[in-house]
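Asks: I'd like to ask some things about the structure below.
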Amino acid sequence: MPKRSIRIGMVGYQFMGKAHSHAYRDLNFFFEDLPVTPVLQAIAGRSEEPLRRAAEAYGFSSYETDWRRLVERDDIDVIDIVTPNNAHAEIAIAAAEHGKHVICEKPLAMTVDEAVRMRNAVQAAGVHHLVCHNYRYAPAVQFAKRLIDDGRLGRIYHVRAQYLQDWIMDPDFPLVWRLRKDVTGSGALGDIAAHILDLARFLVGEIGEVAACMETFIKERPLGEMAGGLEAKASGGTGRVDVDDAVAFLARFENGAMGVFEATRFAGGHRNGNQFEINGEKGSLRWNLEDMNWLEVYFHSDEPGLQGFRRINCTEPLHPYAERYWPAGHIIGYEHTFLNLFGAFFKGLVEDQPVKPDFEDGVRNQCVLEAVEKAAASRSWENVEYR
Ligand SMILES: NC(=O)c1ccc[n+]([C@@H]2O[C@H](COP(=O)([O-])OP(=O)(O)OC[C@H]3O[C@@H](n4cnc5c(N)ncnc54)[C@H](O)[C@@H]3O)[C@@H](O)[C@H]2O)c1
């Protein structure tokens, strides 16, 4: 059967721009049966020279210096938003109004109000939508989901999730967009707690109430800009940091489970420690992105004397996505989470089936983030108000 060409228009072209472009380019290589060929049609940004270089490096055939022209083009099917958070809502709503399907990086928005407007716009336009919580699509996480859904852990008692980074511990690290409330919405909370929240919602369920504390350890920094990945360059002068460097919160899930969450960029030695442990009545499991091919599992039903966590390399033919890649034990990496995520999205697009996480998940995630901020300010438990 001939494959359907889906023409991508991507806004932004640095860290996530590169990760997404790579996934589009490799998708047909690993997902031979996918009835879609992603076509790298155009990228948009603000400055012509770096944009031209990025288009050439990533393989896009054209570029626009204003994203509005991109969403108006009739040779684009999907708008992919990989800009800082303050641009997500305006671009996504305009894209939906022009009948484009929308892929948006996380957090979906800066506020619940914005997220709700985005969800309403894609629903009103009847277009497909995806929010890039890519860690759901790590094969070991998909395997954890299968074990939980099959009842192998029984009733879930505890979720313990941490996202630990250390890239801004140097007080001279510049005040980049991720540290400015007007561009990012919140700090470690929206940037990385959003990911562990999505994993917890995916694996365990919805959160009903939270109690929280947030802290900004370094309150003044030199001004500067991101320079690819999590690097930055100073530009002169100083400014006030008005978002959290770290957040910790307790959560009660609607199904009775208890959650303990922590997200920080001040955990020295942890470059990207996105990790969780889940304890249920019949067993436990735990996962860490920095060792992402492995899932650790413990079952009470194991023979006494031989009980303990076992480490499973999730690359056997029985494991999710394993058949897409290499023989058992030939591990995959961070970038493959995007291939799996986009593979699912495009399959859903062709079959006209919704794929998660979508903008509804983005809204629910944002509602929890907002409740955490409220709880930190009020120093008391707050209900999550879902909208
Ligand atoms: N899923 C993940 O694992 C993951 C990882 C990192 C970042 N992110 C998310 O991806 C998004 C982008 O982050 P990043 O690390 O790629 O940022 P970045 O700073 O590396 O790149 C941002 C890009 O957006 C462009 N841009 C900025 N403002 C713009 C505007 N108004 N119009 C058009 N282009 C604009 C910049 O030129 C740049 O190309 C953020 O929402 C972030 O939270 C997700």
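By convention in this document, the chains of the structure tokens carry letters A, B, ... by their order, each chain's residues are numbered from 1, and ligands are numbered from 1 in the order they are shown.
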Given only C-alpha atoms and all ligand atoms, how would the per-residue table for chain A near ligand 1 read, listing every residue at most 9 Å away with its closest atom pair and distance in Å to one decimal, sorted by chain and number, as JSON lines?
Replies:
```
{"residue": "A:Val11", "atom": "CA", "partner": "ligand 1", "partner_atom_place_in_ligand_line": "34 (N)", "distance": 5.6}
{"residue": "A:Gly12", "atom": "CA", "partner": "ligand 1", "partner_atom_place_in_ligand_line": "24 (O)", "distance": 3.7}
{"residue": "A:Tyr13", "atom": "CA", "partner": "ligand 1", "partner_atom_place_in_ligand_line": "39 (O)", "distance": 3.8}
{"residue": "A:Gln14", "atom": "CA", "partner": "ligand 1", "partner_atom_place_in_ligand_line": "20 (O)", "distance": 4.1}
{"residue": "A:Phe15", "atom": "CA", "partner": "ligand 1", "partner_atom_place_in_ligand_line": "16 (O)", "distance": 3.8}
{"residue": "A:Met16", "atom": "CA", "partner": "ligand 1", "partner_atom_place_in_ligand_line": "16 (O)", "distance": 3.7}
{"residue": "A:Gly17", "atom": "CA", "partner": "ligand 1", "partner_atom_place_in_ligand_line": "16 (O)", "distance": 5.8}
{"residue": "A:Lys18", "atom": "CA", "partner": "ligand 1", "partner_atom_place_in_ligand_line": "16 (O)", "distance": 7.9}
{"residue": "A:Ala19", "atom": "CA", "partner": "ligand 1", "partner_atom_place_in_ligand_line": "16 (O)", "distance": 8.4}
{"residue": "A:Ala44", "atom": "CA", "partner": "ligand 1", "partner_atom_place_in_ligand_line": "33 (C)", "distance": 6.2}
{"residue": "A:Gly45", "atom": "CA", "partner": "ligand 1", "partner_atom_place_in_ligand_line": "34 (N)", "distance": 4.1}
{"residue": "A:Arg46", "atom": "CA", "partner": "ligand 1", "partner_atom_place_in_ligand_line": "33 (C)", "distance": 5.6}
{"residue": "A:Ser47", "atom": "CA", "partner": "ligand 1", "partner_atom_place_in_ligand_line": "37 (O)", "distance": 7.5}
{"residue": "A:Pro50", "atom": "CA", "partner": "ligand 1", "partner_atom_place_in_ligand_line": "37 (O)", "distance": 8.4}
{"residue": "A:Leu51", "atom": "CA", "partner": "ligand 1", "partner_atom_place_in_ligand_line": "39 (O)", "distance": 8.0}
{"residue": "A:Ala54", "atom": "CA", "partner": "ligand 1", "partner_atom_place_in_ligand_line": "39 (O)", "distance": 8.9}
{"residue": "A:Thr65", "atom": "CA", "partner": "ligand 1", "partner_atom_place_in_ligand_line": "33 (C)", "distance": 8.0}
{"residue": "A:Asp66", "atom": "CA", "partner": "ligand 1", "partner_atom_place_in_ligand_line": "33 (C)", "distance": 7.0}
{"residue": "A:Trp67", "atom": "CA", "partner": "ligand 1", "partner_atom_place_in_ligand_line": "33 (C)", "distance": 6.1}
{"residue": "A:Ile81", "atom": "CA", "partner": "ligand 1", "partner_atom_place_in_ligand_line": "11 (C)", "distance": 7.4}
{"residue": "A:Val82", "atom": "CA", "partner": "ligand 1", "partner_atom_place_in_ligand_line": "12 (C)", "distance": 4.4}
{"residue": "A:Thr83", "atom": "CA", "partner": "ligand 1", "partner_atom_place_in_ligand_line": "24 (O)", "distance": 3.5}
{"residue": "A:Pro84", "atom": "CA", "partner": "ligand 1", "partner_atom_place_in_ligand_line": "40 (C)", "distance": 4.4}
{"residue": "A:Asn85", "atom": "CA", "partner": "ligand 1", "partner_atom_place_in_ligand_line": "41 (O)", "distance": 4.5}
{"residue": "A:Asn86", "atom": "CA", "partner": "ligand 1", "partner_atom_place_in_ligand_line": "31 (N)", "distance": 7.7}
{"residue": "A:Ala87", "atom": "CA", "partner": "ligand 1", "partner_atom_place_in_ligand_line": "31 (N)", "distance": 5.5}
{"residue": "A:His88", "atom": "CA", "partner": "ligand 1", "partner_atom_place_in_ligand_line": "41 (O)", "distance": 7.4}
{"residue": "A:Ile91", "atom": "CA", "partner": "ligand 1", "partner_atom_place_in_ligand_line": "32 (N)", "distance": 8.5}
{"residue": "A:Cys104", "atom": "CA", "partner": "ligand 1", "partner_atom_place_in_ligand_line": "41 (O)", "distance": 7.8}
{"residue": "A:Glu105", "atom": "CA", "partner": "ligand 1", "partner_atom_place_in_ligand_line": "10 (O)", "distance": 4.8}
{"residue": "A:Lys106", "atom": "CA", "partner": "ligand 1", "partner_atom_place_in_ligand_line": "41 (O)", "distance": 5.1}
{"residue": "A:Pro107", "atom": "CA", "partner": "ligand 1", "partner_atom_place_in_ligand_line": "43 (O)", "distance": 5.7}
{"residue": "A:Leu108", "atom": "CA", "partner": "ligand 1", "partner_atom_place_in_ligand_line": "41 (O)", "distance": 7.4}
{"residue": "A:Ala109", "atom": "CA", "partner": "ligand 1", "partner_atom_place_in_ligand_line": "41 (O)", "distance": 8.1}
{"residue": "A:Val131", "atom": "CA", "partner": "ligand 1", "partner_atom_place_in_ligand_line": "1 (N)", "distance": 8.7}
{"residue": "A:Cys132", "atom": "CA", "partner": "ligand 1", "partner_atom_place_in_ligand_line": "1 (N)", "distance": 5.3}
{"residue": "A:His133", "atom": "CA", "partner": "ligand 1", "partner_atom_place_in_ligand_line": "1 (N)", "distance": 5.5}
{"residue": "A:Asn134", "atom": "CA", "partner": "ligand 1", "partner_atom_place_in_ligand_line": "1 (N)", "distance": 5.6}
{"residue": "A:Tyr135", "atom": "CA", "partner": "ligand 1", "partner_atom_place_in_ligand_line": "3 (O)", "distance": 7.5}
{"residue": "A:Val176", "atom": "CA", "partner": "ligand 1", "partner_atom_place_in_ligand_line": "19 (O)", "distance": 8.5}
{"residue": "A:Trp177", "atom": "CA", "partner": "ligand 1", "partner_atom_place_in_ligand_line": "19 (O)", "distance": 7.3}
{"residue": "A:Arg178", "atom": "CA", "partner": "ligand 1", "partner_atom_place_in_ligand_line": "43 (O)", "distance": 8.0}
{"residue": "A:Val183", "atom": "CA", "partner": "ligand 1", "partner_atom_place_in_ligand_line": "28 (N)", "distance": 8.9}
{"residue": "A:Thr184", "atom": "CA", "partner": "ligand 1", "partner_atom_place_in_ligand_line": "43 (O)", "distance": 7.7}
{"residue": "A:Gly190", "atom": "CA", "partner": "ligand 1", "partner_atom_place_in_ligand_line": "43 (O)", "distance": 7.6}
{"residue": "A:Asp191", "atom": "CA", "partner": "ligand 1", "partner_atom_place_in_ligand_line": "43 (O)", "distance": 5.4}
{"residue": "A:Ile192", "atom": "CA", "partner": "ligand 1", "partner_atom_place_in_ligand_line": "43 (O)", "distance": 8.1}
{"residue": "A:His195", "atom": "CA", "partner": "ligand 1", "partner_atom_place_in_ligand_line": "1 (N)", "distance": 7.9}
{"residue": "A:Glu225", "atom": "CA", "partner": "ligand 1", "partner_atom_place_in_ligand_line": "19 (O)", "distance": 7.8}
{"residue": "A:Met226", "atom": "CA", "partner": "ligand 1", "partner_atom_place_in_ligand_line": "19 (O)", "distance": 5.2}
{"residue": "A:Ala227", "atom": "CA", "partner": "ligand 1", "partner_atom_place_in_ligand_line": "20 (O)", "distance": 6.9}
{"residue": "A:Gly228", "atom": "CA", "partner": "ligand 1", "partner_atom_place_in_ligand_line": "20 (O)", "distance": 4.9}
{"residue": "A:Gly229", "atom": "CA", "partner": "ligand 1", "partner_atom_place_in_ligand_line": "20 (O)", "distance": 5.5}
{"residue": "A:Leu230", "atom": "CA", "partner": "ligand 1", "partner_atom_place_in_ligand_line": "15 (O)", "distance": 6.9}
{"residue": "A:Glu231", "atom": "CA", "partner": "ligand 1", "partner_atom_place_in_ligand_line": "20 (O)", "distance": 8.7}
{"residue": "A:Tyr334", "atom": "CA", "partner": "ligand 1", "partner_atom_place_in_ligand_line": "3 (O)", "distance": 8.6}
{"residue": "A:Phe338", "atom": "CA", "partner": "ligand 1", "partner_atom_place_in_ligand_line": "1 (N)", "distance": 8.3}
```
Asks: Give me, as a ChimeraX atom specification, all polymer residues having an atom no more than 9 Å from Val78 in chain A, counting only C-alpha atoms and skipping those fewer than 2 positions away in the same chain.
Replies: /A:6-10,71,76,80,95,100-103,128
Asks: Which residues of range 225-336 of chain A come within 12 Å of range 25-38 of chain A, and for each one, what is the closest pair of atoms and their distance in Å to one decimal, counting only C-alpha atoms, sorted by chain and residue number, as a Markdown table?
Replies:
```
| residue | atom | partner | partner_atom | distance |
| --- | --- | --- | --- | --- |
| A:Tyr321 | CA | A:Phe31 | CA | 9.8 |
| A:Ala322 | CA | A:Phe30 | CA | 10.7 |
| A:Glu323 | CA | A:Phe30 | CA | 9.3 |
| A:Arg324 | CA | A:Phe30 | CA | 5.6 |
| A:Tyr325 | CA | A:Phe30 | CA | 6.5 |
| A:Trp326 | CA | A:Phe30 | CA | 9.8 |
| A:Glu335 | CA | A:Asp26 | CA | 10.1 |
| A:His336 | CA | A:Asp26 | CA | 9.3 |
```
Asks: Neighbouring residues of range 264-279 of chain A were defined as those with any atom within 6 Å, considering only C-alpha atoms; residues of the same chain fewer than 2 positions away were excluded. Please report them as number ranges by chain.
Replies: A: 157-166, 169, 188, 246, 284-289
Asks: I need the residues in range 280-372 of chain A that are helix (DSSP H, G or I) according to DSSP; give them as JSON, numbers by chain.
Replies: {"A": [289, 290, 291, 322, 323, 324, 334, 335, 336, 337, 338, 339, 340, 341, 342, 343, 344, 345, 346, 347, 348, 349, 350, 351, 359, 360, 361, 362, 363, 364, 365, 366, 367, 368, 369, 370, 371, 372]}
Asks: Can I get the selection written as an mmCIF file, in the first residue's frame, with N, CA and C atoms?
Replies:
```cif
data_model
loop_
_atom_site.group_PDB
_atom_site.id
_atom_site.type_symbol
_atom_site.label_atom_id
_atom_site.label_comp_id
_atom_site.auth_asym_id
_atom_site.auth_seq_id
_atom_site.Cartn_x
_atom_site.Cartn_y
_atom_site.Cartn_z
ATOM 1 N N LEU A 289 15.450 6.900 33.876
ATOM 2 C CA LEU A 289 15.776 7.258 32.490
ATOM 3 C C LEU A 289 17.253 7.063 32.167
ATOM 4 N N GLU A 290 18.134 7.328 33.158
ATOM 5 C CA GLU A 290 19.564 7.235 32.859
ATOM 6 C C GLU A 290 20.006 5.785 32.635
ATOM 7 N N ASP A 291 19.110 4.851 32.890
ATOM 8 C CA ASP A 291 19.368 3.430 32.640
ATOM 9 C C ASP A 291 18.089 2.866 31.993
ATOM 10 N N ALA A 322 10.302 -3.709 21.061
ATOM 11 C CA ALA A 322 11.609 -4.346 20.855
ATOM 12 C C ALA A 322 11.796 -4.799 19.410
ATOM 13 N N GLU A 323 10.706 -5.284 18.797
ATOM 14 C CA GLU A 323 10.836 -5.802 17.429
ATOM 15 C C GLU A 323 11.150 -4.704 16.416
ATOM 16 N N ARG A 324 10.947 -3.437 16.835
ATOM 17 C CA ARG A 324 11.238 -2.317 15.931
ATOM 18 C C ARG A 324 12.734 -2.101 15.749
ATOM 19 N N TYR A 334 17.471 7.673 24.354
ATOM 20 C CA TYR A 334 16.526 8.770 24.554
ATOM 21 C C TYR A 334 15.744 9.091 23.276
ATOM 22 N N GLU A 335 16.476 9.169 22.141
ATOM 23 C CA GLU A 335 15.842 9.613 20.903
ATOM 24 C C GLU A 335 14.748 8.664 20.427
ATOM 25 N N HIS A 336 14.842 7.386 20.826
ATOM 26 C CA HIS A 336 13.848 6.424 20.350
ATOM 27 C C HIS A 336 12.481 6.637 21.004
ATOM 28 N N THR A 337 12.461 7.327 22.157
ATOM 29 C CA THR A 337 11.156 7.617 22.768
ATOM 30 C C THR A 337 10.323 8.493 21.827
ATOM 31 N N PHE A 338 11.002 9.386 21.087
ATOM 32 C CA PHE A 338 10.285 10.262 20.146
ATOM 33 C C PHE A 338 9.815 9.484 18.917
ATOM 34 N N LEU A 339 10.621 8.525 18.474
ATOM 35 C CA LEU A 339 10.190 7.683 17.342
ATOM 36 C C LEU A 339 8.922 6.933 17.729
ATOM 37 N N ASN A 340 8.911 6.345 18.915
ATOM 38 C CA ASN A 340 7.744 5.566 19.351
ATOM 39 C C ASN A 340 6.513 6.465 19.503
ATOM 40 N N LEU A 341 6.737 7.654 20.080
ATOM 41 C CA LEU A 341 5.643 8.621 20.274
ATOM 42 C C LEU A 341 5.053 9.061 18.932
ATOM 43 N N PHE A 342 5.909 9.448 18.000
ATOM 44 C CA PHE A 342 5.420 9.930 16.696
ATOM 45 C C PHE A 342 4.843 8.780 15.872
ATOM 46 N N GLY A 343 5.421 7.588 16.017
ATOM 47 C CA GLY A 343 4.866 6.422 15.317
ATOM 48 C C GLY A 343 3.410 6.220 15.724
ATOM 49 N N ALA A 344 3.148 6.298 17.034
ATOM 50 C CA ALA A 344 1.780 6.133 17.534
ATOM 51 C C ALA A 344 0.885 7.255 17.010
ATOM 52 N N PHE A 345 1.402 8.477 17.019
ATOM 53 C CA PHE A 345 0.591 9.628 16.586
ATOM 54 C C PHE A 345 0.194 9.501 15.110
ATOM 55 N N PHE A 346 1.150 9.162 14.269
ATOM 56 C CA PHE A 346 0.848 9.079 12.831
ATOM 57 C C PHE A 346 -0.093 7.923 12.512
ATOM 58 N N LYS A 347 0.066 6.814 13.238
ATOM 59 C CA LYS A 347 -0.844 5.687 13.037
ATOM 60 C C LYS A 347 -2.272 6.146 13.389
ATOM 61 N N GLY A 348 -2.393 6.854 14.516
ATOM 62 C CA GLY A 348 -3.696 7.367 14.937
ATOM 63 C C GLY A 348 -4.266 8.341 13.921
ATOM 64 N N LEU A 349 -3.383 9.148 13.350
ATOM 65 C CA LEU A 349 -3.834 10.149 12.377
ATOM 66 C C LEU A 349 -4.438 9.462 11.152
ATOM 67 N N VAL A 350 -3.760 8.443 10.646
ATOM 68 C CA VAL A 350 -4.233 7.753 9.439
ATOM 69 C C VAL A 350 -5.512 6.971 9.733
ATOM 70 N N GLU A 351 -5.575 6.368 10.924
ATOM 71 C CA GLU A 351 -6.763 5.573 11.279
ATOM 72 C C GLU A 351 -7.863 6.425 11.899
ATOM 73 N N PHE A 359 -3.977 16.805 24.121
ATOM 74 C CA PHE A 359 -4.123 18.105 24.801
ATOM 75 C C PHE A 359 -4.980 17.982 26.067
ATOM 76 N N GLU A 360 -5.876 16.978 26.108
ATOM 77 C CA GLU A 360 -6.636 16.760 27.346
ATOM 78 C C GLU A 360 -5.667 16.360 28.469
ATOM 79 N N ASP A 361 -4.695 15.511 28.146
ATOM 80 C CA ASP A 361 -3.677 15.161 29.146
ATOM 81 C C ASP A 361 -2.871 16.396 29.538
ATOM 82 N N GLY A 362 -2.584 17.242 28.531
ATOM 83 C CA GLY A 362 -1.844 18.472 28.813
ATOM 84 C C GLY A 362 -2.595 19.368 29.786
ATOM 85 N N VAL A 363 -3.928 19.454 29.605
ATOM 86 C CA VAL A 363 -4.748 20.284 30.503
ATOM 87 C C VAL A 363 -4.723 19.693 31.914
ATOM 88 N N ARG A 364 -4.914 18.373 32.016
ATOM 89 C CA ARG A 364 -4.958 17.728 33.334
ATOM 90 C C ARG A 364 -3.621 17.882 34.056
ATOM 91 N N ASN A 365 -2.537 17.736 33.310
ATOM 92 C CA ASN A 365 -1.205 17.930 33.877
ATOM 93 C C ASN A 365 -1.082 19.359 34.429
ATOM 94 N N GLN A 366 -1.530 20.325 33.612
ATOM 95 C CA GLN A 366 -1.438 21.734 33.999
ATOM 96 C C GLN A 366 -2.285 22.024 35.240
ATOM 97 N N CYS A 367 -3.425 21.354 35.359
ATOM 98 C CA CYS A 367 -4.290 21.558 36.533
ATOM 99 C C CYS A 367 -3.556 21.108 37.803
ATOM 100 N N VAL A 368 -2.795 20.012 37.695
ATOM 101 C CA VAL A 368 -2.037 19.560 38.881
ATOM 102 C C VAL A 368 -0.913 20.551 39.176
ATOM 103 N N LEU A 369 -0.215 21.005 38.121
ATOM 104 C CA LEU A 369 0.874 21.973 38.328
ATOM 105 C C LEU A 369 0.341 23.215 39.055
ATOM 106 N N GLU A 370 -0.829 23.675 38.619
ATOM 107 C CA GLU A 370 -1.391 24.880 39.229
ATOM 108 C C GLU A 370 -1.777 24.621 40.693
ATOM 109 N N ALA A 371 -2.310 23.436 40.974
ATOM 110 C CA ALA A 371 -2.673 23.096 42.358
ATOM 111 C C ALA A 371 -1.418 23.025 43.237
ATOM 112 N N VAL A 372 -0.311 22.547 42.669
ATOM 113 C CA VAL A 372 0.953 22.477 43.427
ATOM 114 C C VAL A 372 1.409 23.894 43.787
#
```
Asks: Counting only C-alpha atoms, figure out which residue out of A:Ile43, A:Ser61, A:Gly329, A:Met1 gets nearest to Pro317 in chain A.
Replies: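 Among the listed residues, A:Gly329 lies closest to Pro317 in chain A.
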Asks: Taking only range 35-96 of chain A into account, list the residues labelled strand (DSSP E) by DSSP (computed from the backbone), as a list in words.
Replies: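 Result set for range 35-96 of chain A (strand (DSSP E)): Val36, Thr37, Pro38, Val39, Leu40, Gln41, Ala42, Ile43, Ala44, Ser62, Tyr63, Glu64, Val78, Ile79, Asp80 and Ile81 of chain A.
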Asks: For each of A:Val127, A:Ala376, A:Ala263, A:Leu179, take the minimum atom-to-atom distance to Ala194 in chain A, counting only C-alpha atoms, then give the residue where this is smallest.
Replies: A:Ala263
Asks: Measuring between only C-alpha atoms, which one of A:Ala92, A:Ala211, A:Ala144, A:Ala121 shows the shortest distance to Cys314 in chain A?
Replies: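 When distances to Cys314 in chain A are compared using only C-alpha atoms, the smallest one comes from A:Ala144.
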Asks: List the spatial neighbours of Asp244 in chain A as a ChimeraX atom specification - criterion: any atom at most 10 Å away, only C-alpha atoms, same-chain residues fewer than 3 positions off excluded.
Replies: /A:179-181,186-190,213-219,241,247,263-265,373
Asks: Hey, which of A:Ala328, A:Arg387, A:Tyr63, A:Gly154 ends up closest to Ala115 in chain A? Count only C-alpha atoms.
Replies: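 Of all the options, A:Arg387 lies closest to Ala115 in chain A.
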Asks: Which residues come within 10 Å of Arg252 in chain A, counting only C-alpha atoms, excluding same-chain residues fewer than 3 positions away, as a ChimeraX atom specification?
Replies: /A:158-159,206-211,255-260,381,383
